[in-house]
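Just below is one structure, and these are the notes that go with it.
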Amino acid sequence: MFSDKANAIFQDVIKTYKVLNTVDQPFTNKYDKDEDLLAHLLYRKCWIDTVQWAYEDIIRDPNIDPVAALTLKRKIDASNQDRTDTVEFIDSYFLDKYKDVQVKPNAKINSESPAWVIDRLSILALKIYHMHLETIRNDASQAHKEVCQQKLNVLLEQRKDLSTAIDDLLEDISNGDKYMKVYKQMKMYNDDELNPVLRGQK
């Protein structure tokens with residue numbers, strides 16, 4: 001199943017990142033894009049999410065230096081763009097994979113493309129990892145751990161359901177029961193021509 005592969009890669013990314021556990025560490029993709037392009041993209045996608053998770057924690061420090069916060073905000077913006085670009089690369093992979101499928105006359109479109117479901121699966125891996133840490137914190141109360149365990153149980157069930165949904169979607173696309181139609185995100189805030197503030201400074 002595709003979801004087994006994706007979930008295993010996401011867990012490996014998080015485990016690898018946590019060895020050094022710093023946003024400044026170098027990134028090395030474990031998968032060669034010429035040998036396994038999909039794994040290469042999945043690994044890259046989850047690494048972006050993992051670094052951004054750390055960024056989002058850091059920027060919420062109430063004592064953060066304002067200049068440092070602005071610098072970090074720029075990094076978060078760049079990370080968001082990188083995340084979107086990578087999602088679109090993943091969708092391009094699937095568009096190419098299923099380009100020769102004969103779409104049935106009664107085929108339906110899904111509300112999300114495969115890659116945006118995968119995006120949710122990657123974020124979910126991070127939620128599960130960090131919620132699990134809350135259930136075993138030495139400095140946390142038993143009540144806190146129990147509440148977090150209940151939340152973790154829900155997240156684990158959500159991953160199971162989402163994994164099934166993405167596997168079903170890919171099977172439906174491969175059988176021609178559903179078809180892919182991808183819309184680019186067309187983000188405007190990073191574009192010098194589309195963001196009125198940036199345009200006004202040119």
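Chain labels run A, B, ... following the order of the structure tokens; each chain numbers its residues from 1, and ligands are numbered from 1 in the order shown.
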Those in range 44-177 of chain A with helix (DSSP H, G or I) from DSSP, as a ChimeraX atom specification: /A:44-59,66-97,114-135,142-175
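Shell of Trp116 in chain A at 9 Å, with only C-alpha atoms counted and residues fewer than 6 places along the chain excluded, is Val87, Glu88, Ile90 and Asp91 of chain A.
Comparing the minimum interatomic distances between Asp85 in chain A and each of A:Asp119, A:Asp139, A:Asp61, A:Asp34, counting only C-alpha atoms, we find that A:Asp119 sits nearest.
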Neighbour list for Ala125 in chain A as a VMD selection string, cut-off 9 Å, only C-alpha atoms, skip fewer than 5 positions in-chain: chain A and resid 7 10 to 11 14 46 120 130 155 159
May I have the selected residues written with C-alpha atoms, as a PDB file, in the first residue's frame?
ATOM      1  CA  ASN A   7       4.027   6.770   6.729  1.00  0.00           C
ATOM      2  CA  PHE A  10       7.570  10.345   7.381  1.00  0.00           C
ATOM      3  CA  GLN A  11       8.471   8.598  10.637  1.00  0.00           C
ATOM      4  CA  ILE A  14      11.182  12.903  12.013  1.00  0.00           C
ATOM      5  CA  CYS A  46       8.156  15.803   5.475  1.00  0.00           C
ATOM      6  CA  ARG A 120      -2.172  16.160   5.635  1.00  0.00           C
ATOM      7  CA  HIS A 130       4.801  15.294  19.478  1.00  0.00           C
ATOM      8  CA  LEU A 155      -4.706  11.082  16.000  1.00  0.00           C
ATOM      9  CA  ARG A 159      -3.967   8.411  10.479  1.00  0.00           C
TER      10      ARG A 159
END
Write out as CSV a residue-level contact list of range 60-164 of chain A versus range 23-27 of chain A with cut-off 12 Å: for each qualifying residue the closest pair of atoms and the distance in Å to one decimal, counting only C-alpha atoms, rows sorted by chain and residue number upward.
residue,atom,partner,partner_atom,distance
A:Leu72,CA,A:Val23,CA,10.9
A:Lys75,CA,A:Val23,CA,10.6
A:Ile76,CA,A:Val23,CA,11.5
A:Ser79,CA,A:Val23,CA,11.7
Closest of A:Asn175, A:Thr50, A:Ser113, A:Gln142 to Ser92 in chain A - atom-to-atom distances counting only C-alpha atoms: A:Ser113
Straight-line distance linking CA of Asp57 in chain A with CA of Ala78 in chain A, stated in Å to one decimal: 16.4 Å
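Here CA of Thr86 in chain A and CA of Lys15 in chain A stand 20.7 Å from one another.
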A:Ile118, A:Ile109, A:Ile64, A:Leu162 ranked by distance to Lys178 in chain A, top pick (using only C-alpha atoms): A:Ile109
Proximity to Phe94 in chain A - best of A:Ala69, A:Ala115, A:Thr135, A:Ala54, only C-alpha atoms: A:Ala115
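The two atoms in question, CA of Tyr98 in chain A and CA of Ile173 in chain A, are spaced 7.3 Å apart.
Among A:Asn195, A:Ser111, A:Thr22, A:Asn106, the residue with the shortest atom-to-atom distance to Lys181 in chain A, counting only C-alpha atoms, is A:Ser111.
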Residue neighbourhood Val101 in chain A, 12 Å, only C-alpha atoms, exclusion window fewer than 4 positions, as a PyMOL selection string: chain A and resi 94-97+107+170-180
Close residues, Glu146 in chain A itself excluded, 12 Å, only C-alpha atoms, min 2 positions apart in chain, as a PyMOL selection string: chain A and resi 131-132+134-137+140-144+148-153
